[in-house]
Structures are given as C-alpha cells and as structure tokens.
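Novice: Structure file model19.tsv, TSV, C-alpha atoms, is pasted below:
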```tsv
chain	number	residue	atom	x	y	z
A	116	GLU	CA	53.06	17.45	-23.47
A	117	MET	CA	50.18	15.14	-24.33
A	118	CYS	CA	50.45	16.04	-28.01
A	119	ILE	CA	54.17	15.18	-28.05
A	120	ARG	CA	53.47	11.75	-26.57
A	121	ASP	CA	50.56	10.97	-28.89
A	122	SER	CA	50.73	13.14	-31.96
A	123	ASP	CA	48.06	11.13	-33.78
A	124	SER	CA	45.40	11.41	-31.14
A	125	ALA	CA	42.12	13.14	-31.96
A	126	MET	CA	42.44	15.14	-28.76
A	127	CYS	CA	45.80	16.48	-29.83
A	128	GLY	CA	44.42	17.55	-33.21
A	129	THR	CA	41.51	19.30	-31.57
A	130	ALA	CA	43.83	21.12	-29.16
A	131	VAL	CA	46.12	22.25	-31.98
A	132	ARG	CA	43.21	23.56	-34.06
A	133	TYR	CA	41.82	25.35	-31.01
A	134	MET	CA	45.13	27.10	-30.36
A	135	GLU	CA	45.54	27.95	-34.03
A	136	HIS	CA	42.17	29.71	-34.01
A	137	ARG	CA	43.09	31.70	-30.92
A	138	ILE	CA	46.46	32.66	-32.44
A	139	SER	CA	44.72	33.75	-35.65
A	140	LYS	CA	42.31	35.90	-33.66
A	141	LEU	CA	45.11	37.60	-31.75
A	142	SER	CA	47.20	38.05	-34.91
A	143	LEU	CA	44.26	39.68	-36.68
A	144	SER	CA	43.63	41.94	-33.71
A	145	GLY	CA	47.29	42.94	-33.62
A	146	LYS	CA	47.33	43.76	-37.34
A	147	LEU	CA	44.16	45.83	-36.93
A	148	LEU	CA	45.72	47.87	-34.13
A	149	GLU	CA	48.91	48.36	-36.17
A	150	ALA	CA	46.91	49.51	-39.21
A	151	VAL	CA	44.84	51.95	-37.18
A	152	ASP	CA	47.99	53.31	-35.55
A	153	ARG	CA	49.47	54.08	-38.97
A	154	LEU	CA	46.33	56.00	-39.94
A	155	GLY	CA	46.66	58.37	-36.99
A	156	HIS	CA	45.16	58.81	-33.55
A	157	ASP	CA	42.49	61.32	-34.47
A	158	ARG	CA	40.83	59.47	-37.34
A	159	PHE	CA	40.03	56.07	-35.87
A	160	HIS	CA	39.56	54.56	-32.44
A	161	VAL	CA	39.19	50.90	-31.54
A	162	LEU	CA	36.47	49.50	-29.27
A	163	ILE	CA	37.00	45.87	-28.25
A	164	GLY	CA	34.40	43.78	-26.43
A	165	ILE	CA	35.11	40.83	-24.13
A	166	ASP	CA	32.53	38.04	-24.45
A	167	ASP	CA	31.84	34.87	-22.46
A	168	SER	CA	34.72	35.31	-20.04
A	169	SER	CA	34.99	34.65	-16.32
A	170	SER	CA	36.85	35.83	-13.25
A	171	GLU	CA	38.83	32.57	-13.10
A	172	ASP	CA	42.33	32.17	-14.53
A	173	CYS	CA	42.06	31.21	-18.20
A	174	ILE	CA	43.72	31.77	-21.55
A	175	GLN	CA	41.51	34.78	-22.20
A	176	LYS	CA	43.23	36.71	-19.41
A	177	ASN	CA	46.51	36.50	-21.35
A	178	GLU	CA	44.76	37.61	-24.52
A	179	ILE	CA	43.18	40.61	-22.76
A	180	ALA	CA	46.59	41.58	-21.35
A	181	TYR	CA	48.12	41.34	-24.86
A	182	LEU	CA	45.45	43.59	-26.34
A	183	ASN	CA	45.64	46.08	-23.48
A	184	ALA	CA	49.37	46.45	-24.11
A	185	ARG	CA	48.68	47.38	-27.76
A	186	LEU	CA	45.96	49.97	-27.16
A	187	ARG	CA	46.55	53.63	-28.00
A	188	GLU	CA	45.02	56.64	-26.28
A	189	GLY	CA	41.30	56.61	-27.06
A	190	ASP	CA	41.14	52.84	-27.67
A	191	VAL	CA	39.05	50.88	-25.18
A	192	ILE	CA	38.40	47.31	-24.05
A	193	LEU	CA	35.03	46.86	-22.36
A	194	SER	CA	33.08	43.89	-21.09
A	195	GLY	CA	30.25	42.79	-23.39
A	196	VAL	CA	30.03	42.16	-27.14
A	197	ASP	CA	26.34	42.12	-28.08
A	198	ASP	CA	26.08	45.79	-27.07
A	199	LEU	CA	29.17	47.00	-28.96
A	200	ALA	CA	27.11	48.66	-31.70
A	201	PHE	CA	25.07	50.54	-29.08
A	202	LYS	CA	28.25	51.79	-27.42
A	203	ALA	CA	29.91	52.79	-30.69
A	204	VAL	CA	26.88	54.69	-32.02
A	205	ALA	CA	26.37	56.36	-28.65
A	206	LYS	CA	29.98	57.54	-28.67
A	207	LEU	CA	29.58	58.93	-32.19
A	208	TYR	CA	26.43	60.81	-31.16
A	209	LEU	CA	28.12	62.28	-28.09
A	210	SER	CA	30.97	63.46	-30.30
A	211	GLU	CA	28.49	65.00	-32.75
A	212	VAL	CA	26.79	67.08	-30.04
A	213	GLU	CA	30.19	68.01	-28.54
A	214	TRP	CA	29.42	66.25	-25.29
A	215	SER	CA	31.56	67.50	-22.43
A	216	GLY	CA	30.49	64.84	-19.94
A	217	ALA	CA	28.30	64.92	-16.86
A	218	SER	CA	28.30	63.90	-13.22
A	219	VAL	CA	26.58	60.68	-12.25
A	220	GLY	CA	25.43	59.02	-9.05
A	221	VAL	CA	25.37	55.22	-8.99
A	222	GLN	CA	23.42	53.39	-6.27
A	223	TYR	CA	23.42	49.62	-5.83
A	224	PHE	CA	20.74	47.57	-4.10
A	225	GLY	CA	21.22	43.90	-3.24
A	226	GLY	CA	24.69	43.86	-1.73
A	227	THR	CA	26.73	41.91	-4.32
A	228	GLU	CA	28.04	44.71	-6.51
A	229	GLY	CA	31.60	43.78	-5.50
A	230	GLN	CA	31.30	40.42	-7.31
A	231	PRO	CA	30.93	39.45	-10.99
A	232	ALA	CA	27.23	39.76	-11.74
A	233	CYS	CA	27.01	36.55	-13.76
A	234	ASP	CA	29.10	33.62	-14.98
A	235	TYR	CA	30.18	35.50	-18.11
A	236	ASP	CA	31.65	38.54	-16.37
A	237	TYR	CA	35.38	38.62	-15.70
A	238	LYS	CA	35.30	41.60	-13.31
A	239	PRO	CA	33.14	42.75	-10.39
A	240	LEU	CA	30.02	44.67	-11.37
A	241	THR	CA	31.34	47.91	-9.87
A	242	GLU	CA	34.44	47.76	-12.08
A	243	ILE	CA	32.44	47.04	-15.22
A	244	VAL	CA	30.09	49.93	-14.48
A	245	ALA	CA	33.01	52.27	-13.71
A	246	GLU	CA	34.73	51.41	-17.00
A	247	HIS	CA	31.56	52.17	-18.93
A	248	LEU	CA	31.06	55.45	-17.06
A	249	GLY	CA	34.57	56.50	-18.06
A	250	TYR	CA	33.94	55.55	-21.68
A	251	PHE	CA	30.95	57.90	-21.79
A	252	GLY	CA	32.65	60.76	-19.97
A	253	LEU	CA	30.70	60.39	-16.73
A	254	THR	CA	32.23	61.25	-13.35
A	255	GLU	CA	30.75	59.95	-10.10
A	256	SER	CA	29.53	62.66	-7.74
A	257	GLU	CA	27.42	63.04	-4.61
A	258	SER	CA	25.45	65.84	-6.34
A	259	PRO	CA	24.98	64.27	-9.77
A	260	ASP	CA	23.30	65.42	-12.97
A	261	LEU	CA	22.31	61.87	-13.84
A	262	HIS	CA	21.27	58.90	-11.68
A	263	VAL	CA	21.92	55.17	-12.20
A	264	LEU	CA	20.11	52.63	-10.02
A	265	VAL	CA	21.28	49.01	-10.09
A	266	LEU	CA	19.59	45.97	-8.55
A	267	THR	CA	22.24	43.29	-7.95
A	268	GLN	CA	21.86	39.65	-7.07
A	269	PRO	CA	20.77	39.37	-3.42
A	270	GLU	CA	23.49	39.00	-0.82
A	271	ASP	CA	20.86	37.59	1.55
A	272	ALA	CA	18.07	35.69	-0.17
A	273	GLY	CA	15.80	36.38	2.80
A	274	GLN	CA	16.10	40.14	2.17
A	275	LYS	CA	14.98	40.17	-1.47
A	276	GLN	CA	11.81	42.12	-0.78
A	277	GLN	CA	13.74	44.66	1.27
A	278	TYR	CA	16.22	45.27	-1.55
A	279	ILE	CA	13.33	45.78	-3.97
A	280	LYS	CA	11.46	48.03	-1.56
A	281	GLU	CA	14.46	50.28	-1.00
A	282	LEU	CA	15.22	50.65	-4.71
A	283	ILE	CA	11.56	51.42	-5.47
A	284	ARG	CA	11.54	54.08	-2.74
A	285	VAL	CA	14.58	55.84	-4.17
A	286	LEU	CA	13.36	55.49	-7.76
A	287	LYS	CA	9.91	56.92	-7.00
A	288	GLN	CA	11.43	59.94	-5.26
A	289	GLN	CA	13.80	60.64	-8.14
A	290	LEU	CA	11.08	60.31	-10.76
A	291	ASP	CA	8.72	62.51	-8.71
A	292	ASP	CA	11.49	65.13	-8.68
A	293	ASN	CA	11.82	64.89	-12.50
A	294	LEU	CA	15.39	63.64	-12.21
A	295	PRO	CA	16.95	61.69	-15.10
A	296	VAL	CA	17.29	58.01	-14.11
A	297	ILE	CA	18.82	54.94	-15.75
A	298	LEU	CA	17.63	51.62	-14.29
A	299	ILE	CA	19.64	48.39	-14.53
A	300	ASP	CA	18.34	45.00	-13.40
A	301	ALA	CA	21.52	43.02	-12.65
A	302	GLY	CA	19.65	40.50	-10.50
A	303	ASN	CA	20.24	37.77	-13.09
A	304	GLY	CA	16.78	36.30	-12.55
A	305	GLN	CA	17.20	35.89	-8.77
A	306	TYR	CA	14.08	37.94	-7.95
A	307	GLY	CA	11.66	36.10	-10.22
A	308	THR	CA	8.88	38.46	-11.25
A	309	ALA	CA	8.71	40.31	-7.91
A	310	PHE	CA	10.90	43.25	-8.94
A	311	HIS	CA	9.13	43.83	-12.22
A	312	ASP	CA	5.70	43.46	-10.65
A	313	ALA	CA	6.59	46.11	-8.07
A	314	LEU	CA	7.90	48.48	-10.75
A	315	VAL	CA	4.69	48.12	-12.76
A	316	LYS	CA	2.46	48.72	-9.74
A	317	GLU	CA	4.37	51.57	-8.11
A	318	THR	CA	6.47	53.58	-10.60
A	319	GLU	CA	6.15	55.52	-13.84
A	320	LEU	CA	8.25	53.30	-16.08
A	321	GLY	CA	7.86	55.67	-19.01
A	322	LYS	CA	9.77	58.38	-17.17
A	323	LEU	CA	13.04	56.42	-17.20
A	324	LEU	CA	15.86	57.46	-19.53
A	325	SER	CA	16.60	53.79	-20.19
A	326	TYR	CA	16.18	50.29	-18.79
A	327	ALA	CA	18.04	47.05	-19.44
A	328	GLY	CA	17.93	43.60	-17.89
A	329	PHE	CA	17.29	41.03	-20.62
A	330	LEU	CA	20.80	39.76	-21.31
A	331	ASP	CA	23.99	38.87	-19.42
A	332	MET	CA	25.08	41.60	-17.05
A	333	ALA	CA	28.07	42.98	-18.97
A	334	ILE	CA	25.78	43.50	-21.95
A	335	VAL	CA	23.04	44.96	-19.76
A	336	THR	CA	25.41	47.62	-18.40
A	337	GLY	CA	26.51	48.78	-21.84
A	338	THR	CA	22.99	48.72	-23.24
A	339	ALA	CA	21.42	50.72	-20.42
A	340	LEU	CA	24.18	53.33	-20.32
A	341	SER	CA	24.39	53.69	-24.12
A	342	HIS	CA	20.69	54.46	-24.38
A	343	GLY	CA	20.46	56.45	-21.17
A	344	VAL	CA	23.47	58.70	-21.66
A	345	THR	CA	22.57	59.60	-25.24
A	346	ARG	CA	19.00	60.33	-24.15
A	347	TYR	CA	20.30	62.60	-21.40
A	348	ALA	CA	22.65	64.39	-23.82
A	349	HIS	CA	19.73	64.91	-26.18
A	350	LEU	CA	17.49	66.32	-23.45
A	351	VAL	CA	20.05	68.83	-22.14
A	352	GLN	CA	21.49	69.99	-25.45
A	353	ARG	CA	18.89	69.90	-28.19
A	354	GLU	CA	15.33	70.79	-29.09
A	355	THR	CA	13.27	67.69	-29.63
A	356	SER	CA	10.75	66.63	-32.26
A	357	GLN	CA	7.73	64.36	-32.40
A	358	ALA	CA	9.69	61.81	-34.45
A	359	GLU	CA	12.52	61.74	-31.92
A	360	GLU	CA	10.15	61.32	-28.98
A	361	SER	CA	8.23	58.55	-30.74
A	362	ALA	CA	11.47	56.71	-31.49
A	363	PHE	CA	12.56	57.02	-27.87
A	364	CYS	CA	9.23	55.69	-26.59
A	365	LYS	CA	9.51	52.67	-28.88
A	366	THR	CA	13.04	51.92	-27.69
A	367	LEU	CA	12.17	52.13	-24.00
A	368	ALA	CA	8.91	50.20	-24.37
A	369	ASP	CA	10.67	47.48	-26.36
A	370	SER	CA	13.29	46.98	-23.62
A	371	ILE	CA	10.74	46.89	-20.81
A	372	LEU	CA	8.18	44.66	-22.52
A	373	LYS	CA	10.70	42.07	-23.68
A	374	ASP	CA	12.27	41.78	-20.25
A	375	PHE	CA	9.22	42.04	-18.00
A	376	CYS	CA	6.81	40.09	-20.16
A	377	TYR	CA	8.78	37.72	-22.36
A	378	LYS	CA	11.98	36.83	-20.51
A	379	ASN	CA	10.44	36.51	-17.07
A	380	ALA	CA	7.01	35.18	-17.98
A	381	VAL	CA	6.11	34.02	-21.48
A	382	ARG	CA	9.43	32.45	-22.45
A	383	GLU	CA	9.16	29.72	-19.83
A	384	ASP	CA	5.77	28.75	-21.25
A	385	ILE	CA	7.17	28.68	-24.79
A	386	LEU	CA	10.11	26.52	-23.70
A	387	SER	CA	7.77	24.04	-22.04
A	388	TYR	CA	5.35	24.01	-24.98
A	389	VAL	CA	8.07	23.37	-27.58
A	390	ARG	CA	9.81	20.67	-25.56
A	391	ASN	CA	6.89	18.88	-23.95
A	392	ASP	CA	3.93	19.39	-26.29
A	393	LEU	CA	5.72	19.50	-29.65
A	394	GLY	CA	8.71	17.33	-28.76
A	395	GLY	CA	11.08	19.80	-30.35
A	396	ASP	CA	14.21	21.80	-29.65
A	397	ALA	CA	13.56	25.29	-28.24
A	398	ASN	CA	16.88	26.43	-29.70
A	399	ASN	CA	15.97	25.45	-33.25
A	400	PHE	CA	12.38	25.33	-34.52
A	401	CYS	CA	13.59	23.95	-37.87
A	402	LEU	CA	15.33	20.76	-36.76
A	403	PRO	CA	13.06	18.90	-36.44
A	404	GLU	CA	10.54	21.01	-38.31
A	405	LEU	CA	7.96	22.31	-35.83
A	406	ASP	CA	4.55	23.92	-36.19
A	407	ARG	CA	5.82	27.48	-36.08
A	408	ASP	CA	2.36	28.98	-36.55
A	409	ALA	CA	1.24	27.23	-33.37
A	410	ILE	CA	4.31	28.46	-31.49
A	411	THR	CA	3.73	32.02	-32.68
A	412	ALA	CA	0.05	31.85	-31.71
A	413	ARG	CA	1.09	30.70	-28.24
A	414	LEU	CA	3.54	33.60	-28.07
A	415	ALA	CA	0.88	36.15	-29.06
A	416	GLU	CA	-1.60	34.84	-26.51
A	417	GLY	CA	0.95	34.90	-23.72
A	418	MET	CA	2.33	38.33	-24.61
A	419	ASN	CA	-1.12	39.92	-24.86
A	420	ASP	CA	-1.90	38.79	-21.32
A	421	ALA	CA	1.51	39.57	-19.81
A	422	ALA	CA	1.89	42.93	-21.53
A	423	ALA	CA	-1.48	44.39	-20.56
A	424	PRO	CA	-0.47	45.82	-17.13
A	425	VAL	CA	2.89	47.05	-18.47
A	426	VAL	CA	1.22	48.82	-21.39
A	427	LYS	CA	-1.26	50.40	-18.99
A	428	ASN	CA	1.62	51.66	-16.85
A	429	LEU	CA	3.40	53.21	-19.83
A	430	GLU	CA	0.23	54.76	-21.23
A	431	HIS	CA	-0.32	56.50	-17.88
A	432	SER	CA	3.31	57.59	-17.53
A	433	SER	CA	4.83	60.94	-18.28
A	434	LEU	CA	8.19	61.20	-20.04
A	435	LEU	CA	10.90	63.80	-19.81
A	436	ILE	CA	11.22	65.68	-23.11
A	437	SER	CA	13.63	68.43	-22.07
A	438	LEU	CA	16.21	69.11	-19.37
A	439	LYS	CA	17.72	72.11	-21.13
A	440	GLU	CA	16.66	74.50	-18.38
A	441	ASP	CA	13.80	73.23	-16.25
A	442	ALA	CA	12.47	69.70	-16.65
A	443	VAL	CA	9.63	69.47	-19.18
A	444	SER	CA	7.29	66.48	-19.37
A	445	ALA	CA	4.77	65.07	-21.83
A	446	GLY	CA	2.37	62.15	-21.62
A	447	TRP	CA	2.82	58.82	-23.35
A	448	GLY	CA	0.44	58.03	-26.18
A	449	ALA	CA	-1.59	54.84	-26.67
A	450	ILE	CA	0.40	51.67	-27.38
A	451	ALA	CA	-0.52	48.82	-29.73
A	452	LEU	CA	1.46	45.58	-30.03
A	453	SER	CA	1.27	43.28	-33.04
A	454	ASN	CA	3.12	40.86	-35.32
A	455	TYR	CA	4.76	38.78	-32.59
A	456	ARG	CA	7.51	36.62	-34.05
A	457	PHE	CA	10.69	34.63	-33.46
A	458	PRO	CA	13.27	36.23	-35.80
A	459	TRP	CA	15.85	33.47	-35.39
A	460	GLU	CA	13.43	30.54	-35.19
A	461	ARG	CA	14.28	29.83	-31.57
A	462	ALA	CA	12.79	30.68	-28.18
A	463	PHE	CA	15.70	32.68	-26.78
A	464	GLU	CA	14.45	35.99	-28.18
A	465	MET	CA	11.27	37.34	-29.77
A	466	ASP	CA	10.28	40.48	-31.59
A	467	MET	CA	7.11	42.47	-32.20
A	468	ASP	CA	5.82	45.63	-33.85
A	469	LEU	CA	5.16	48.61	-31.62
A	470	ALA	CA	2.78	51.41	-32.59
A	471	ILE	CA	2.77	54.34	-30.16
A	472	ASP	CA	0.70	57.50	-30.55
A	473	PRO	CA	2.60	60.81	-30.33
A	474	PRO	CA	3.18	62.21	-26.83
A	475	GLY	CA	0.55	64.58	-25.47
A	476	GLN	CA	-0.12	66.46	-22.26
A	477	PRO	CA	1.47	65.06	-19.08
A	478	HIS	CA	-0.72	62.51	-17.32
A	479	LYS	CA	-2.07	62.95	-13.85
A	480	ARG	CA	-0.23	60.67	-11.47
A	481	ILE	CA	-2.18	57.48	-10.73
A	482	LEU	CA	0.70	55.10	-9.99
A	483	GLY	CA	2.31	54.37	-6.66
```
Would you mind writing the file out in structure tokens?
Specialist:
Amino acid sequence: EMCIRDSDSAMCGTAVRYMEHRISKLSLSGKLLEAVDRLGHDRFHVLIGIDDSSSEDCIQKNEIAYLNARLREGDVILSGVDDLAFKAVAKLYLSEVEWSGASVGVQYFGGTEGQPACDYDYKPLTEIVAEHLGYFGLTESESPDLHVLVLTQPEDAGQKQQYIKELIRVLKQQLDDNLPVILIDAGNGQYGTAFHDALVKETELGKLLSYAGFLDMAIVTGTALSHGVTRYAHLVQRETSQAEESAFCKTLADSILKDFCYKNAVREDILSYVRNDLGGDANNFCLPELDRDAITARLAEGMNDAAAPVVKNLEHSSLLISLKEDAVSAGWGAIALSNYRFPWERAFEMDMDLAIDPPGQPHKRILG
C-alpha cells in the first residue's frame, strides 16, 4: 500500500528489491525440486536448511510451508545451515555402511527444552532434536543403544549449579559404564564457564562420541548428532585403524578446545584487545588495517593458558574404539597445539593445528 502511494520512495524500492530476492530464492528452490523429481526418487534427495529464523510469525514461515508442500519422500527440511555438509556426509556414510538405525535416549537438563534454544531457532529444542533423530534413523527408547545428553538454558537461574551437577552425575555414570554418549551444550552461554570447568575437572571428555556447543543451537544439534551417530555406526559395524582413530581424536579435540577455551574464555579478551587497545573492528581486521601479528600473538598466549587443563584431561582420557561386541577402549596420545590463526580475519572464529600421538593402552582413571 505504501509503494502504491509513493512509488518513487527509496523505501518502496528497497521493499520491492527485497521481495524480488525472496521470490527468486523460492523460484530457484522450486525448479530444483522439480528437476530432482524428474530424475527419480532413488538417485537424488534434497536436504534444505533453515537459517536465522524465529518462532514468531514472519515471511519465512510461508516459505517453509511452500517448500514442505513440494518435498518428496526422502527429502528433508531441518533447522540449521552451517552444519548441512556434516549432515549430508553423515547420511552418505550411514548409507554406505547399510545403517539400519539404532535406539537413542535423550535427556535434558535445565528445564527449557520445550522452548526455542536461541533467537535463531523457529521451533522448540525438543522438536529440532526429534527431527534430527528421525533424519539419522534413531528411535527414542527407554533402553537405548546410544545416549544424548543436552544442557538447556536454565529455567531457574538460581538452580544453574544443580542442573550442571545432575548432568555431570549422569554423564560420569554412563562413561564409567562404557556407554556411547553424545553431549550437547544448548545453554547458549547462560552458564558462563561453570559447565565446562566442571566437565574438565570431573569427566573423561575424550570418551565422548561427540560434543558441540560453539554455534547457534540449531547448528549445534546437527553438528553433534552428525559426528556422534557416524562415530557410533563406525564403532558397531567396522574394524578401526590408527588413521581413523587419530582423525576422530582431532575432530573431538577441535570441538572441545574451540568451545571451552576460545568461545568462553579467550575470545572475550581478543574482542576487548581489538576494540579498546587497537581501536579496530573485531569483525574485520582489515578495515582499518590492524596489527594482525599482535592479535595472533595474543590469541596464542591466551589459548596456551586456557587449553592446558583441557589438554591434560584429554591426554588422561580413554576413548571407545569398538562397540562391535563388548566395549573396547584405548588411551589418548599426547596433544600438541600450534599455528593459531584467524582464517577469516575476524574474531568470531579461530583455527589451529592439532598434533595427536596415536592411541595407546587405556589410561588409569584419575578424573572425577
């Protein structure tokens, strides 16, 4: 209506261009689904991710409904975009090993699993988790093969320590029993460093199948389940190798170190240093041009300090290397971190090189 009254306004032009882009996106999606349908159901499947949405009424709800109406059997729409590659590759691997599914037990701690876990989720956490479980062929059971533990945002801020304590108790028991466990931190930063500190002090982090907590919650769910389910399928169906175990250790260590040490500790220092000491933009080290060597040196110093207790935990952890019959464990090798860097010249994410010695004999328990 506004555009009809004032067709020359800048606002009207912006609104028209915005709608044109959304129409183009939907038209392209529709043509893709039509093309795939012509090629046949068995050759291609479509996986669509929903990014930066919300539970409120918005134009994206109509777009999701349109796409849902066009999906064929085997096509899926899931929350999260940054983890789409993980989910697609995991699905391909499960198909390769002729995965027939498994039973899973999901336990939530924190009391808010019935709500969207962050501002960018358009469904409650329980629904997002359930959709991902279905995608990977997992069925919830009271006597499960696989366990998923999820820390949610606290329903009662005064009970944060109790939520952490209860999750740690359950996690320790499951790990002591050599049960396969996926751990998801969906607390969205509400617990500060308390949860991670407790995990480092009391649990064998290296015994987890997977861990995720760095990104928005829809992405965290897909990331943790993609890695964890494929690891479980590998452990129950195939013989392993030193190369496969080393690759797994690097993946798990990378997830834990970046979340525990960078996101919840070092990143805040980097943000402050760039903004206050260098007078720059933490989202772009190149405009204005900043002393990137100084920023990287600050990163290395902070990560070396923050990572030390986490590395010690992992180096004294055992890891599950087979669930084919009885559970078989090995011990983590020594870990060396180097070449800290900011791959996108901004503070949001960092990267590093991980060198991990091959697994050896299981370690004697010293944690908890």
Novice: Rounded to one decimal in Å, what is the spacing between atom CA of A:Glu383 and atom CA of A:His342?
Specialist: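 Computing it gives 27.7 Å between the two atoms.
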Novice: Work out how far atom CA of A:Gln222 is from atom CA of A:Leu264, in Å to one decimal.
Specialist: 5.1 Å
Novice: Smallest atom-to-atom distance to A:Gln268: which of A:Pro458, A:Pro474, A:Pro239, A:Gly304, using all atoms listed in the file?
Specialist: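 Checking each of A:Pro458, A:Pro474, A:Pro239, A:Gly304 against A:Gln268, counting all atoms listed in the file, the winner is A:Gly304.
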Novice: Can you report as JSON the centre and edge lengths in Å, to one decimal, of an axis-aligned box around the listed atoms of stretch 381-394 of chain A padded with 5 Å on each side?
Specialist:
```
{"center_x": 7.0, "center_y": 25.7, "center_z": -24.7, "size_x": 16.2, "size_y": 26.7, "size_z": 19.8}
```
Novice: Pick from A:Glu360, A:Asp198, A:Asp466, A:Glu135: nearest to A:Ser444, with only C-alpha atoms counted?
Specialist: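 Using only C-alpha atoms, A:Ser444 sits closest to A:Glu360.
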Novice: With a distance cut-off of 9 Å and all atoms listed in the file, select the neighbouring residues of A:Pro259, excluding the residue or stretch itself and same-chain residues fewer than 5 positions from it, and output the selection as a ChimeraX atom specification.
Specialist: /A:217-220,254
Novice: Contacts of A:Val204 at 12 Å or less, counting all atoms listed in the file, minus same-chain residues fewer than 2 places along, as a PyMOL selection string?
Specialist: chain A and resi 162+198-202+206-211+251+337-338+341-342+344-345
Novice: Skip A:Ala380 itself and residues of its chain fewer than 2 positions away, then list as JSON, numbers by chain all residues within 12 Å of it, counting all atoms listed in the file.
Specialist: {"A": [304, 307, 308, 309, 311, 312, 372, 373, 374, 375, 376, 377, 378, 382, 383, 384, 385, 386, 387, 414, 417, 418, 419, 420, 421, 422]}
Novice: Point out the residue among A:Asp166, A:Glu178, A:Asp271, A:Asp190 with the least atom-to-atom distance to A:Asp234, counting only C-alpha atoms.
Specialist: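 For A:Asp234, the nearest of the candidates is A:Asp166.
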Novice: As an exercise, work out the distance from atom CA of A:Glu246 to atom CA of A:Ser370 in Å and give it to one decimal place.
Specialist: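 Atom-to-atom, atom CA of A:Glu246 to atom CA of A:Ser370, that is 22.9 Å.
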Novice: Can you pull out every residue within 12 Å of A:Thr366, counting only C-alpha atoms, but drop anything in the same chain fewer than 4 positions away, and send it as JSON, numbers by chain?
Specialist: {"A": [321, 323, 324, 325, 326, 327, 338, 339, 342, 343, 346, 359, 360, 361, 362, 370, 371, 372, 373, 468, 469, 470, 471]}
Novice: Counting only C-alpha atoms, which residue out of A:Leu320, A:Ala409, A:Leu452, A:Ala232 sits closest to A:Glu430?
Specialist: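 Looking at the shortest contact to A:Glu430, the residue is A:Leu320.
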Novice: Can you list, as a CSV table (one decimal) with C-alpha atoms, keeping the file's coordinate frame, every protein, DNA or RNA residue that comes within 12 Å of A:Lys280 when you count only C-alpha atoms, leaving out same-chain residues fewer than 4 positions away?
Specialist:
```csv
chain,number,residue,atom,x,y,z
A,224,PHE,CA,20.7,47.6,-4.1
A,225,GLY,CA,21.2,43.9,-3.2
A,266,LEU,CA,19.6,46.0,-8.6
A,274,GLN,CA,16.1,40.1,2.2
A,275,LYS,CA,15.0,40.2,-1.5
A,276,GLN,CA,11.8,42.1,-0.8
A,284,ARG,CA,11.5,54.1,-2.7
A,285,VAL,CA,14.6,55.8,-4.2
A,286,LEU,CA,13.4,55.5,-7.8
A,287,LYS,CA,9.9,56.9,-7.0
A,309,ALA,CA,8.7,40.3,-7.9
A,310,PHE,CA,10.9,43.2,-8.9
A,311,HIS,CA,9.1,43.8,-12.2
A,312,ASP,CA,5.7,43.5,-10.6
A,313,ALA,CA,6.6,46.1,-8.1
A,314,LEU,CA,7.9,48.5,-10.8
A,317,GLU,CA,4.4,51.6,-8.1
A,318,THR,CA,6.5,53.6,-10.6
```
Novice: Return stretch 413-425 of chain A, completed with N, CA and C atoms, as a PDB file, in the frame of the given file.
Specialist:
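File written: part-v1.pdb
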```
ATOM      1  N   ARG A 413       0.898  30.820 -29.687  1.00  0.00           N
ATOM      2  CA  ARG A 413       1.090  30.700 -28.240  1.00  0.00           C
ATOM      3  C   ARG A 413       1.816  31.932 -27.695  1.00  0.00           C
ATOM      4  N   LEU A 414       2.812  32.393 -28.452  1.00  0.00           N
ATOM      5  CA  LEU A 414       3.540  33.600 -28.070  1.00  0.00           C
ATOM      6  C   LEU A 414       2.608  34.811 -27.995  1.00  0.00           C
ATOM      7  N   ALA A 415       1.776  34.992 -29.027  1.00  0.00           N
ATOM      8  CA  ALA A 415       0.880  36.150 -29.060  1.00  0.00           C
ATOM      9  C   ALA A 415      -0.110  36.130 -27.903  1.00  0.00           C
ATOM     10  N   GLU A 416      -0.645  34.952 -27.622  1.00  0.00           N
ATOM     11  CA  GLU A 416      -1.600  34.840 -26.510  1.00  0.00           C
ATOM     12  C   GLU A 416      -0.930  35.187 -25.178  1.00  0.00           C
ATOM     13  N   GLY A 417       0.253  34.636 -24.973  1.00  0.00           N
ATOM     14  CA  GLY A 417       0.950  34.900 -23.720  1.00  0.00           C
ATOM     15  C   GLY A 417       1.370  36.351 -23.583  1.00  0.00           C
ATOM     16  N   MET A 418       1.876  36.942 -24.661  1.00  0.00           N
ATOM     17  CA  MET A 418       2.330  38.330 -24.610  1.00  0.00           C
ATOM     18  C   MET A 418       1.162  39.293 -24.410  1.00  0.00           C
ATOM     19  N   ASN A 419       0.040  39.036 -25.045  1.00  0.00           N
ATOM     20  CA  ASN A 419      -1.120  39.920 -24.860  1.00  0.00           C
ATOM     21  C   ASN A 419      -1.547  39.972 -23.403  1.00  0.00           C
ATOM     22  N   ASP A 420      -1.522  38.822 -22.736  1.00  0.00           N
ATOM     23  CA  ASP A 420      -1.900  38.790 -21.320  1.00  0.00           C
ATOM     24  C   ASP A 420      -0.832  39.453 -20.441  1.00  0.00           C
ATOM     25  N   ALA A 421       0.437  39.079 -20.672  1.00  0.00           N
ATOM     26  CA  ALA A 421       1.510  39.570 -19.810  1.00  0.00           C
ATOM     27  C   ALA A 421       1.773  41.060 -20.009  1.00  0.00           C
ATOM     28  N   ALA A 422       1.560  41.549 -21.229  1.00  0.00           N
ATOM     29  CA  ALA A 422       1.890  42.930 -21.530  1.00  0.00           C
ATOM     30  C   ALA A 422       0.828  43.926 -21.076  1.00  0.00           C
ATOM     31  N   ALA A 423      -0.381  43.461 -20.847  1.00  0.00           N
ATOM     32  CA  ALA A 423      -1.480  44.390 -20.560  1.00  0.00           C
ATOM     33  C   ALA A 423      -1.181  45.345 -19.398  1.00  0.00           C
ATOM     34  N   PRO A 424      -0.746  44.872 -18.222  1.00  0.00           N
ATOM     35  CA  PRO A 424      -0.470  45.820 -17.130  1.00  0.00           C
ATOM     36  C   PRO A 424       0.728  46.725 -17.404  1.00  0.00           C
ATOM     37  N   VAL A 425       1.721  46.225 -18.147  1.00  0.00           N
ATOM     38  CA  VAL A 425       2.890  47.050 -18.470  1.00  0.00           C
ATOM     39  C   VAL A 425       2.489  48.162 -19.435  1.00  0.00           C
TER      40      VAL A 425
END
```
